[in-house]
Structures are given as structure tokens and as C-alpha cells.
file input.pdb (PDB, C-alpha atoms)
ATOM      1  CA  MET A  28      21.936   4.782  23.839
ATOM      2  CA  GLY A  29      19.097   5.068  21.322
ATOM      3  CA  GLU A  30      17.096   2.172  19.948
ATOM      4  CA  PRO A  31      18.823   0.460  17.000
ATOM      5  CA  LEU A  32      17.328   1.360  13.629
ATOM      6  CA  ARG A  33      14.921  -1.458  12.742
ATOM      7  CA  LEU A  34      15.536  -1.322   9.001
ATOM      8  CA  TYR A  35      19.209  -0.355   8.935
ATOM      9  CA  GLY A  36      20.845  -1.329   5.648
ATOM     10  CA  LEU A  37      17.598  -2.318   3.905
ATOM     11  CA  ASN A  38      16.339  -0.882   0.632
ATOM     12  CA  ALA A  39      12.685  -0.276  -0.195
ATOM     13  CA  LEU A  40      10.491   0.629  -3.142
ATOM     14  CA  VAL A  41       7.209   2.329  -2.210
ATOM     15  CA  LEU A  42       4.565   2.888  -4.879
ATOM     16  CA  ASN A  43       1.985   5.706  -4.901
ATOM     17  CA  ALA A  44       4.265   7.567  -2.515
ATOM     18  CA  ALA A  45       3.830  11.270  -3.283
ATOM     19  CA  ASP A  46       1.262  11.793  -0.546
ATOM     20  CA  GLY A  47      -1.132  10.075   1.828
ATOM     21  CA  ILE A  48      -0.338   6.561   3.008
ATOM     22  CA  GLY A  49       2.526   6.024   0.560
ATOM     23  CA  GLU A  50       4.287   9.197   1.670
ATOM     24  CA  ALA A  51       3.847   8.259   5.330
ATOM     25  CA  ILE A  52       5.283   4.792   4.681
ATOM     26  CA  ALA A  53       8.296   6.164   2.787
ATOM     27  CA  ARG A  54       9.044   8.649   5.582
ATOM     28  CA  THR A  55       8.577   6.019   8.291
ATOM     29  CA  LEU A  56      10.817   3.444   6.605
ATOM     30  CA  VAL A  57      13.637   5.945   6.077
ATOM     31  CA  LYS A  58      13.285   7.188   9.663
ATOM     32  CA  HIS A  59      14.033   3.643  10.792
ATOM     33  CA  GLY A  60      17.123   3.205   8.644
ATOM     34  CA  ALA A  61      15.944   2.106   5.190
ATOM     35  CA  THR A  62      16.908   3.752   1.929
ATOM     36  CA  VAL A  63      13.803   4.338  -0.175
ATOM     37  CA  VAL A  64      12.791   4.931  -3.767
ATOM     38  CA  ALA A  65       9.380   6.610  -3.595
ATOM     39  CA  ALA A  66       7.597   6.255  -6.927
ATOM     40  CA  ASP A  67       4.541   8.069  -8.235
ATOM     41  CA  THR A  68       3.082   9.498 -11.433
ATOM     42  CA  ALA A  69       4.403  12.359 -13.535
ATOM     43  CA  ASN A  70       1.924  14.921 -12.211
ATOM     44  CA  SER A  71       2.326  13.975  -8.545
ATOM     45  CA  GLY A  72       5.366  16.134  -7.809
ATOM     46  CA  VAL A  73       7.089  13.183  -6.155
ATOM     47  CA  GLU A  74      10.598  14.197  -7.231
ATOM     48  CA  GLN A  75      10.305  17.683  -5.738
ATOM     49  CA  HIS A  76       8.434  16.408  -2.706
ATOM     50  CA  PHE A  77      11.302  14.249  -1.467
ATOM     51  CA  ARG A  78      14.183  16.357  -2.751
ATOM     52  CA  ALA A  79      15.092  17.552   0.744
ATOM     53  CA  VAL A  80      14.439  14.212   2.488
ATOM     54  CA  SER A  81      17.695  12.371   3.103
ATOM     55  CA  GLY A  82      17.473   8.692   2.205
ATOM     56  CA  VAL A  83      14.413   9.007  -0.058
ATOM     57  CA  THR A  84      14.579   9.481  -3.824
ATOM     58  CA  GLY A  85      11.417  10.508  -5.632
ATOM     59  CA  GLN A  86      10.926   8.637  -8.881
ATOM     60  CA  VAL A  87       8.399   9.365 -11.639
ATOM     61  CA  ALA A  88       6.857   6.223 -13.123
ATOM     62  CA  ASN A  89       3.831   4.850 -14.909
ATOM     63  CA  LEU A  90       2.015   2.853 -12.234
ATOM     64  CA  THR A  91      -0.763   1.554 -14.475
ATOM     65  CA  ASP A  92       1.269  -0.582 -16.885
ATOM     66  CA  GLY A  93       2.931  -3.896 -16.103
ATOM     67  CA  ASP A  94       5.939  -3.405 -18.350
ATOM     68  CA  SER A  95       6.561   0.046 -16.897
ATOM     69  CA  LEU A  96       6.363  -1.381 -13.384
ATOM     70  CA  ALA A  97       8.921  -4.038 -14.242
ATOM     71  CA  LYS A  98      11.276  -1.349 -15.516
ATOM     72  CA  LEU A  99      10.675   0.731 -12.376
ATOM     73  CA  VAL A 100      11.601  -2.216 -10.165
ATOM     74  CA  GLU A 101      14.807  -2.831 -12.114
ATOM     75  CA  ASP A 102      15.719   0.865 -12.063
ATOM     76  CA  ALA A 103      15.068   1.067  -8.308
ATOM     77  CA  ALA A 104      17.112  -2.058  -7.587
ATOM     78  CA  GLY A 105      19.957  -0.704  -9.707
ATOM     79  CA  GLN A 106      19.843   2.666  -8.006
ATOM     80  CA  LEU A 107      19.682   1.205  -4.505
ATOM     81  CA  GLY A 108      22.120  -1.631  -5.151
ATOM     82  CA  SER A 109      19.627  -4.213  -3.901
ATOM     83  CA  LEU A 110      15.946  -4.491  -3.030
ATOM     84  CA  ASP A 111      14.536  -5.832   0.231
ATOM     85  CA  ILE A 112      11.056  -4.327   0.632
ATOM     86  CA  VAL A 113       8.312  -3.667  -1.919
ATOM     87  CA  VAL A 114       5.167  -1.773  -0.938
ATOM     88  CA  ASN A 115       2.470  -2.161  -3.587
ATOM     89  CA  ASP A 116      -0.136   0.601  -3.493
ATOM     90  CA  PHE A 117      -2.151   1.517  -6.561
ATOM     91  CA  LEU A 118      -4.493   4.512  -6.736
ATOM     92  CA  LEU A 119      -7.163   3.325  -9.175
ATOM     93  CA  ARG A 120      -9.547   6.274  -9.226
ATOM     94  CA  GLN A 121     -13.285   5.932  -9.860
ATOM     95  CA  ASP A 122     -15.868   8.557 -10.777
ATOM     96  CA  ALA A 123     -17.764   7.755  -7.596
ATOM     97  CA  PRO A 124     -17.425   5.325  -4.659
ATOM     98  CA  LEU A 125     -18.354   1.788  -5.683
ATOM     99  CA  SER A 126     -21.537   0.246  -4.294
ATOM    100  CA  ARG A 127     -21.911  -3.219  -5.770
ATOM    101  CA  VAL A 128     -20.052  -6.354  -6.723
ATOM    102  CA  ASP A 129     -20.417  -5.861 -10.449
ATOM    103  CA  ASP A 130     -18.354  -5.869 -13.632
ATOM    104  CA  LYS A 131     -16.819  -2.480 -12.780
ATOM    105  CA  LEU A 132     -15.496  -3.765  -9.456
ATOM    106  CA  LYS A 133     -14.290  -7.004 -11.009
ATOM    107  CA  ALA A 134     -12.361  -5.022 -13.639
ATOM    108  CA  VAL A 135     -10.731  -2.881 -10.946
ATOM    109  CA  LEU A 136      -9.740  -5.939  -8.929
ATOM    110  CA  GLN A 137      -8.316  -7.635 -12.001
ATOM    111  CA  GLN A 138      -6.289  -4.514 -12.799
ATOM    112  CA  ARG A 139      -4.965  -4.297  -9.242
ATOM    113  CA  ALA A 140      -4.006  -7.978  -9.213
ATOM    114  CA  SER A 141      -2.233  -7.635 -12.545
ATOM    115  CA  LEU A 142      -0.218  -4.639 -11.356
ATOM    116  CA  ILE A 143       0.725  -6.274  -8.045
ATOM    117  CA  MET A 144       1.901  -9.393  -9.819
ATOM    118  CA  ALA A 145       3.895  -7.393 -12.373
ATOM    119  CA  ALA A 146       5.742  -5.580  -9.599
ATOM    120  CA  CYS A 147       6.285  -8.775  -7.600
ATOM    121  CA  ARG A 148       7.502 -10.822 -10.550
ATOM    122  CA  ALA A 149      10.089  -8.152 -11.333
ATOM    123  CA  ALA A 150      11.097  -7.827  -7.683
ATOM    124  CA  LEU A 151      11.310 -11.547  -6.889
ATOM    125  CA  PRO A 152      14.874 -12.152  -8.188
ATOM    126  CA  HIS A 153      16.088  -9.288  -6.010
ATOM    127  CA  LEU A 154      14.062 -10.304  -2.956
ATOM    128  CA  LYS A 155      15.459 -13.840  -3.181
ATOM    129  CA  ASN A 156      18.917 -12.362  -2.637
ATOM    130  CA  SER A 157      17.772 -10.389   0.403
ATOM    131  CA  PRO A 158      18.051 -11.620   3.992
ATOM    132  CA  SER A 159      14.815  -9.728   4.721
ATOM    133  CA  GLY A 160      12.604  -9.929   1.638
ATOM    134  CA  ARG A 161       9.225  -8.280   2.266
ATOM    135  CA  ILE A 162       6.142  -7.760   0.081
ATOM    136  CA  ILE A 163       3.449  -5.481   1.515
ATOM    137  CA  ASN A 164       0.219  -5.017  -0.454
ATOM    138  CA  MET A 165      -2.151  -2.148   0.322
ATOM    139  CA  GLY A 166      -5.932  -2.532   0.193
ATOM    140  CA  PHE A 167      -8.350   0.117  -1.041
ATOM    141  CA  LEU A 168      -9.427   2.843   1.348
ATOM    142  CA  ARG A 169     -12.953   2.609   2.756
ATOM    143  CA  SER A 170     -13.707   5.855   0.893
ATOM    144  CA  PHE A 171     -13.244   3.881  -2.340
ATOM    145  CA  PHE A 172     -16.639   2.327  -1.562
ATOM    146  CA  ALA A 173     -20.045   3.852  -0.891
ATOM    147  CA  ALA A 174     -21.684   3.642   2.523
ATOM    148  CA  ASP A 175     -23.824   0.777   1.232
ATOM    149  CA  GLY A 176     -20.836  -0.857  -0.457
ATOM    150  CA  GLY A 177     -19.893  -3.183   2.377
ATOM    151  CA  GLU A 178     -20.198  -6.276   0.208
ATOM    152  CA  ALA A 179     -17.999  -4.700  -2.466
ATOM    153  CA  ALA A 180     -15.400  -3.685   0.134
ATOM    154  CA  ALA A 181     -15.396  -7.213   1.561
ATOM    155  CA  LYS A 182     -14.986  -8.662  -1.924
ATOM    156  CA  ALA A 183     -12.004  -6.390  -2.597
ATOM    157  CA  GLU A 184     -10.335  -7.368   0.670
ATOM    158  CA  GLN A 185     -10.928 -11.082   0.067
ATOM    159  CA  ASP A 186      -9.465 -10.761  -3.413
ATOM    160  CA  LEU A 187      -6.337  -9.133  -1.981
ATOM    161  CA  ALA A 188      -6.138 -11.751   0.789
ATOM    162  CA  ASN A 189      -6.242 -14.592  -1.742
ATOM    163  CA  LEU A 190      -3.569 -12.970  -3.907
ATOM    164  CA  THR A 191      -1.307 -12.281  -0.931
ATOM    165  CA  ARG A 192      -1.658 -15.811   0.437
ATOM    166  CA  ALA A 193      -0.677 -17.186  -2.957
ATOM    167  CA  LEU A 194       2.401 -14.940  -2.999
ATOM    168  CA  ALA A 195       3.319 -16.036   0.513
ATOM    169  CA  ALA A 196       3.067 -19.706  -0.445
ATOM    170  CA  GLU A 197       5.185 -19.147  -3.536
ATOM    171  CA  THR A 198       7.932 -17.098  -1.898
ATOM    172  CA  GLY A 199       8.152 -18.517   1.621
ATOM    173  CA  GLU A 200      10.889 -21.023   0.827
ATOM    174  CA  PHE A 201      13.151 -18.075  -0.026
ATOM    175  CA  GLY A 202      12.602 -16.382   3.334
ATOM    176  CA  ILE A 203      10.321 -13.768   1.773
ATOM    177  CA  THR A 204       7.130 -12.719   3.537
ATOM    178  CA  ALA A 205       4.025 -11.377   1.799
ATOM    179  CA  ASN A 206       1.279  -9.616   3.745
ATOM    180  CA  TYR A 207      -1.388  -7.013   3.194
ATOM    181  CA  ILE A 208      -2.765  -4.021   5.056
ATOM    182  CA  GLN A 209      -6.470  -3.205   4.833
ATOM    183  CA  PRO A 210      -7.006   0.462   5.703
ATOM    184  CA  GLY A 211     -10.378   1.731   6.837
ATOM    185  CA  GLY A 212     -11.421   5.368   6.796
ATOM    186  CA  ILE A 213      -8.034   7.101   6.524
ATOM    187  CA  MET A 214      -7.799  10.838   5.879
ATOM    188  CA  THR A 215      -5.656  10.921   2.745
ATOM    189  CA  PRO A 216      -5.862  13.539  -0.024
ATOM    190  CA  GLU A 217      -8.039  11.213  -2.116
ATOM    191  CA  SER A 218     -10.331  10.475   0.844
ATOM    192  CA  ARG A 219     -10.579  14.180   1.634
ATOM    193  CA  GLU A 220     -11.810  14.871  -1.890
ATOM    194  CA  VAL A 221     -14.373  12.060  -1.703
ATOM    195  CA  PHE A 222     -15.602  13.246   1.703
ATOM    196  CA  ARG A 223     -15.864  16.827   0.436
ATOM    197  CA  LYS A 224     -18.421  15.633  -2.090
ATOM    198  CA  ASN A 225     -20.047  13.090   0.217
ATOM    199  CA  GLN A 226     -20.281  14.178   3.850
ATOM    200  CA  GLY A 227     -22.547  11.200   4.553
ATOM    201  CA  LEU A 228     -19.792   8.740   3.628
ATOM    202  CA  ARG A 229     -17.381  10.530   5.949
ATOM    203  CA  ASP A 230     -19.890  10.317   8.783
ATOM    204  CA  PHE A 231     -20.469   6.636   7.991
ATOM    205  CA  CYS A 232     -16.730   5.875   8.196
ATOM    206  CA  ILE A 233     -16.518   7.580  11.591
ATOM    207  CA  ARG A 234     -19.685   5.932  12.896
ATOM    208  CA  THR A 235     -18.628   2.428  11.899
ATOM    209  CA  SER A 236     -15.156   2.717  13.427
ATOM    210  CA  ALA A 237     -14.995   1.656  17.053
ATOM    211  CA  ALA A 238     -12.489   4.470  17.565
ATOM    212  CA  SER A 239     -15.173   6.949  16.396
ATOM    213  CA  ARG A 240     -12.724   8.836  14.221
ATOM    214  CA  LEU A 241     -10.915   8.755  10.929
ATOM    215  CA  GLY A 242      -7.371   7.412  10.866
ATOM    216  CA  GLU A 243      -4.218   9.151   9.684
ATOM    217  CA  PRO A 244      -1.716   7.868   7.097
ATOM    218  CA  VAL A 245       0.905   7.420   9.814
ATOM    219  CA  ASP A 246      -1.407   4.902  11.529
ATOM    220  CA  VAL A 247      -1.003   2.696   8.459
ATOM    221  CA  ALA A 248       2.699   3.453   8.078
ATOM    222  CA  LYS A 249       3.458   2.104  11.567
ATOM    223  CA  VAL A 250       1.899  -1.235  10.606
ATOM    224  CA  ALA A 251       3.923  -1.272   7.382
ATOM    225  CA  LEU A 252       7.047  -0.724   9.488
ATOM    226  CA  PHE A 253       6.180  -3.771  11.587
ATOM    227  CA  LEU A 254       5.630  -5.948   8.522
ATOM    228  CA  ALA A 255       8.879  -4.709   6.951
ATOM    229  CA  SER A 256      10.943  -5.421  10.064
ATOM    230  CA  ASP A 257      12.356  -8.571  11.618
ATOM    231  CA  ASP A 258       9.541  -8.397  14.173
ATOM    232  CA  ALA A 259       7.324  -9.909  11.445
ATOM    233  CA  VAL A 260       9.787 -12.495  10.167
ATOM    234  CA  PHE A 261       7.309 -15.327  10.847
ATOM    235  CA  VAL A 262       4.204 -13.426   9.722
ATOM    236  CA  SER A 263       3.198 -14.158   6.141
ATOM    237  CA  GLY A 264       0.111 -14.628   4.019
ATOM    238  CA  THR A 265      -2.047 -12.582   6.335
ATOM    239  CA  GLY A 266      -3.635  -9.137   6.599
ATOM    240  CA  ILE A 267      -3.898  -6.428   9.225
ATOM    241  CA  ALA A 268      -6.894  -4.100   9.326
ATOM    242  CA  VAL A 269      -6.078  -0.500  10.229
ATOM    243  CA  ASP A 270      -9.560   0.875  10.801
ATOM    244  CA  GLY A 271      -9.851   1.660  14.489
ATOM    245  CA  GLY A 272     -11.948  -1.467  14.993
ATOM    246  CA  ARG A 273     -15.276  -2.075  13.315
ATOM    247  CA  THR A 274     -18.621  -1.613  14.972
ATOM    248  CA  ALA A 275     -21.504  -4.003  14.375
ATOM    249  CA  SER A 276     -23.424  -1.475  12.255
TER     250      SER A 276
END
call {"tool": "encode", "arguments": {"input": "input.pdb", "output": "C-alpha cells"}}
result
Amino acid sequence: MGEPLRLYGLNALVLNAADGIGEAIARTLVKHGATVVAADTANSGVEQHFRAVSGVTGQVANLTDGDSLAKLVEDAAGQLGSLDIVVNDFLLRQDAPLSRVDDKLKAVLQQRASLIMAACRAALPHLKNSPSGRIINMGFLRSFFAADGGEAAAKAEQDLANLTRALAAETGEFGITANYIQPGGIMTPESREVFRKNQGLRDFCIRTSAASRLGEPVDVAKVALFLASDDAVFVSGTGIAVDGGRTAS
């Protein structure tokens, strides 16, 4: 007899899901029994991408506006019949990898926090009715930051940690968990484009990973599966780094 499906009967909304980490998470969740709405922008091809994937519905949405996110959450919950898992991932592109803790970074972090909270506020009434309410927030890829942007990357992770801990404290009494995943150098389409322009940053990400390689989106998706499942029922307000281990350099 095969292993029971870990997410059987649960419904999930995954943002930024047309490719990369979001796509891997959507495919992993549905493989383990969940029904998924995979949302992404109008030019992402998300609807066509998942058309042949049973259990996943591609949904076009504006992922940069709080009101639009609230509507997306309501539409997804209505379509699925309920909502148990929300994966918040926002692709906030920059002209170049960020190097410093400056006003540009602070603006990006404020935008990310605002979008996460908009999605969570809309999802909370549905998650309260779930026996397995899960919030999973995704950190920025290491390729979002320059090789000398370690302080900026640490600031971004700390900001996400603080936000996630606050969500965990607010929602814990309802049996909802809130956690975050901090990816390292993961070979996504956006990372590939950054590395194409900046081979030195790619080499830096490999050199500073104890695994001496770049990760794959599925490496992150497996951690999201853990956090979405009952295996993590008593894990909340914390983060998991998916970076192959960090070297001292």
C-alpha cells in the first residue's frame, strides 16, 4: 500500500506560481493531495501552463496591489470551496541586484510586507475555518542581492522573520501556523537571467554554499510541503533556510 497523501483534502493558493519556486510548490502540493490555485501575472502564461495539470488551476491576477490580492483570495476560496494553505511569494524585480541597506531596499521591504499582509488579512477568515491553516512566506532569492550585499540580504530576512513571527502570534490561537522559507542561490528563471549578466554573482552563490552548488526550485518546494503538512503542526513563527548551508566566507 502506498504512503497516504499528506495534504489530502486540503486547498492551497500559491502566488507567483507560473515558474520557478512557485511552480515547483504548486506541483508538489498537488502531488501530495492538495487542490491548488496557482496565481501569477497576465503575461506569465500561468493559465496555459497548468491547463493539463490535474488539481491545479492557473489564475491570472495582479500581485502588486493589495485590493487585487484580497479579491484573488476570495475568488480562490470560492473556487476551491475552502482555503487551508497560502504561499506568499512576490517577485519584486529590480534593475540590478541590491547592495546596500538604503531607501530602495526599505521601499521594497515595505512593499513586500504590505502585500503579504493584504493576502493574509483576506485569507484569515478562511484559515480560521480550516483544521490545517498554514501561511508560508517566501524570502527573496540570494540573486536579488549583489555579492557584497550580505547586510542587505540579512536585513531582508530579518524583516520577513519579524513579520512572520507577528503573524504566528496573532493566528496561533486559531490553530494556524505561519512560517517562512529563506532560499539561497536557487536556479529559477529570474536567477538565471541575473546570473547571465553577472557570472561573478553566480560563482559567489556557489562558493558561499557549503553544498558548493546552486539549488533547484524543488529543493524549496519540499520544505514548503513539510510546513504545509501535519508534520509541522507545532512549528510556527520560524524560518528555514534552503541554501545548502552557508560557508564562513
call {"tool": "atom_distance", "arguments": {"input": "input.pdb", "atom1": "atom CA of A:Ile233", "atom2": "atom CA of A:Glu184"}}
result
19.5 Å
call {"tool": "resolve_selection", "arguments": {"input": "input.pdb", "expression": "the PyMOL selection byres ((chain A and resi 168-176) around 6)", "output": "count of residues only"}}
result
13
call {"tool": "closest_residue", "arguments": {"input": "input.pdb", "among": "A:Gly108, A:Gly272, A:Gly264, A:Gly166", "to": "A:Gly199", "atoms": "all atoms listed in the file"}}
result
A:Gly264
call {"tool": "resolve_selection", "arguments": {"input": "input.pdb", "expression": "the PyMOL selection byres ((chain A and resi 68-84) around 12)", "output": "PyMOL selection string"}}
result
chain A and resi 35-47+49-67+85-92+95-96+99+102-103+106-107+117-118+216
call {"tool": "residues_around", "arguments": {"input": "input.pdb", "residues": "A:Gln209", "least_positions_apart": "3", "cutoff": "12 Å", "atoms": "all atoms listed in the file", "output": "number ranges by chain"}}
result
A: 48, 116, 163-169, 180-181, 183-188, 191, 206, 212-213, 246-248, 250-251, 265-272
call {"tool": "resolve_selection", "arguments": {"input": "input.pdb", "expression": "the PyMOL selection byres ((chain A and resi 150) around 9)", "output": "list in words"}}
result
Ala97, Val100, Glu101, Ala104, Leu110, Asp111, Val113, Ala145, Ala146, Cys147, Arg148, Ala149, Leu151, Pro152, His153, Leu154 and Lys155 of chain A
call {"tool": "write_last_selection", "arguments": {"input": "input.pdb", "atoms": "C-alpha atoms", "output": "PDB file, keeping the file's coordinate frame"}}
result
ATOM      1  CA  ALA A  97       8.921  -4.038 -14.242  1.00  0.00           C
ATOM      2  CA  VAL A 100      11.601  -2.216 -10.165  1.00  0.00           C
ATOM      3  CA  GLU A 101      14.807  -2.831 -12.114  1.00  0.00           C
ATOM      4  CA  ALA A 104      17.112  -2.058  -7.587  1.00  0.00           C
ATOM      5  CA  LEU A 110      15.946  -4.491  -3.030  1.00  0.00           C
ATOM      6  CA  ASP A 111      14.536  -5.832   0.231  1.00  0.00           C
ATOM      7  CA  VAL A 113       8.312  -3.667  -1.919  1.00  0.00           C
ATOM      8  CA  ALA A 145       3.895  -7.393 -12.373  1.00  0.00           C
ATOM      9  CA  ALA A 146       5.742  -5.580  -9.599  1.00  0.00           C
ATOM     10  CA  CYS A 147       6.285  -8.775  -7.600  1.00  0.00           C
ATOM     11  CA  ARG A 148       7.502 -10.822 -10.550  1.00  0.00           C
ATOM     12  CA  ALA A 149      10.089  -8.152 -11.333  1.00  0.00           C
ATOM     13  CA  LEU A 151      11.310 -11.547  -6.889  1.00  0.00           C
ATOM     14  CA  PRO A 152      14.874 -12.152  -8.188  1.00  0.00           C
ATOM     15  CA  HIS A 153      16.088  -9.288  -6.010  1.00  0.00           C
ATOM     16  CA  LEU A 154      14.062 -10.304  -2.956  1.00  0.00           C
ATOM     17  CA  LYS A 155      15.459 -13.840  -3.181  1.00  0.00           C
TER      18      LYS A 155
END
call {"tool": "closest_residue", "arguments": {"input": "input.pdb", "among": "A:Ser141, A:Gln121, A:Ser256, A:Ser109", "to": "A:Ile162", "atoms": "all atoms listed in the file"}}
result
A:Ser256
call {"tool": "closest_residue", "arguments": {"input": "input.pdb", "among": "A:Lys224, A:Arg234, A:Arg161, A:Arg33", "to": "A:Thr198", "atoms": "all atoms listed in the file"}}
result
A:Arg161
call {"tool": "atom_distance", "arguments": {"input": "input.pdb", "atom1": "atom CA of A:Asp122", "atom2": "atom CA of A:Leu142"}}
result
20.5 Å
call {"tool": "atom_distance", "arguments": {"input": "input.pdb", "atom1": "atom CA of A:Ala205", "atom2": "atom CA of A:Ser159"}}
result
11.3 Å
call {"tool": "closest_residue", "arguments": {"input": "input.pdb", "among": "A:Lys182, A:Arg192, A:Arg273, A:Glu243", "to": "A:Val128", "atoms": "only C-alpha atoms"}}
result
A:Lys182
call {"tool": "decode", "arguments": {"input": "input.pdb", "residues": "stretch 87-127 of chain A", "atoms": "C-alpha atoms", "output": "PDB file, in the first residue's frame"}}
result
ATOM      1  CA  VAL A  87      -4.235  35.468 -13.676  1.00  0.00           C
ATOM      2  CA  ALA A  88      -4.043  38.182 -11.022  1.00  0.00           C
ATOM      3  CA  ASN A  89      -2.447  41.481 -10.128  1.00  0.00           C
ATOM      4  CA  LEU A  90       0.103  40.573  -7.461  1.00  0.00           C
ATOM      5  CA  THR A  91       1.281  44.115  -6.764  1.00  0.00           C
ATOM      6  CA  ASP A  92      -1.929  45.625  -5.381  1.00  0.00           C
ATOM      7  CA  GLY A  93      -3.488  44.895  -2.005  1.00  0.00           C
ATOM      8  CA  ASP A  94      -7.092  45.197  -3.125  1.00  0.00           C
ATOM      9  CA  SER A  95      -6.452  42.892  -6.072  1.00  0.00           C
ATOM     10  CA  LEU A  96      -4.834  40.355  -3.756  1.00  0.00           C
ATOM     11  CA  ALA A  97      -7.848  40.418  -1.465  1.00  0.00           C
ATOM     12  CA  LYS A  98     -10.110  39.726  -4.433  1.00  0.00           C
ATOM     13  CA  LEU A  99      -7.809  36.912  -5.590  1.00  0.00           C
ATOM     14  CA  VAL A 100      -8.002  35.260  -2.175  1.00  0.00           C
ATOM     15  CA  GLU A 101     -11.798  35.462  -2.152  1.00  0.00           C
ATOM     16  CA  ASP A 102     -12.034  34.139  -5.714  1.00  0.00           C
ATOM     17  CA  ALA A 103      -9.673  31.255  -4.896  1.00  0.00           C
ATOM     18  CA  ALA A 104     -11.564  30.347  -1.724  1.00  0.00           C
ATOM     19  CA  GLY A 105     -14.843  30.426  -3.639  1.00  0.00           C
ATOM     20  CA  GLN A 106     -13.457  28.293  -6.431  1.00  0.00           C
ATOM     21  CA  LEU A 107     -11.882  25.756  -4.086  1.00  0.00           C
ATOM     22  CA  GLY A 108     -14.717  25.740  -1.563  1.00  0.00           C
ATOM     23  CA  SER A 109     -12.332  26.494   1.297  1.00  0.00           C
ATOM     24  CA  LEU A 110      -8.758  27.635   1.855  1.00  0.00           C
ATOM     25  CA  ASP A 111      -6.191  25.887   4.040  1.00  0.00           C
ATOM     26  CA  ILE A 112      -2.754  26.921   2.751  1.00  0.00           C
ATOM     27  CA  VAL A 113      -1.470  30.267   1.477  1.00  0.00           C
ATOM     28  CA  VAL A 114       2.003  30.562  -0.037  1.00  0.00           C
ATOM     29  CA  ASN A 115       3.050  34.204  -0.328  1.00  0.00           C
ATOM     30  CA  ASP A 116       5.762  34.784  -2.924  1.00  0.00           C
ATOM     31  CA  PHE A 117       6.206  38.149  -4.594  1.00  0.00           C
ATOM     32  CA  LEU A 118       8.595  38.774  -7.490  1.00  0.00           C
ATOM     33  CA  LEU A 119       9.602  42.405  -6.956  1.00  0.00           C
ATOM     34  CA  ARG A 120      12.079  42.956  -9.773  1.00  0.00           C
ATOM     35  CA  GLN A 121      14.986  45.405  -9.555  1.00  0.00           C
ATOM     36  CA  ASP A 122      17.183  46.855 -12.289  1.00  0.00           C
ATOM     37  CA  ALA A 123      20.213  45.291 -10.638  1.00  0.00           C
ATOM     38  CA  PRO A 124      20.948  43.202  -7.517  1.00  0.00           C
ATOM     39  CA  LEU A 125      20.765  45.315  -4.368  1.00  0.00           C
ATOM     40  CA  SER A 126      23.967  46.059  -2.461  1.00  0.00           C
ATOM     41  CA  ARG A 127      23.098  48.265   0.490  1.00  0.00           C
TER      42      ARG A 127
END
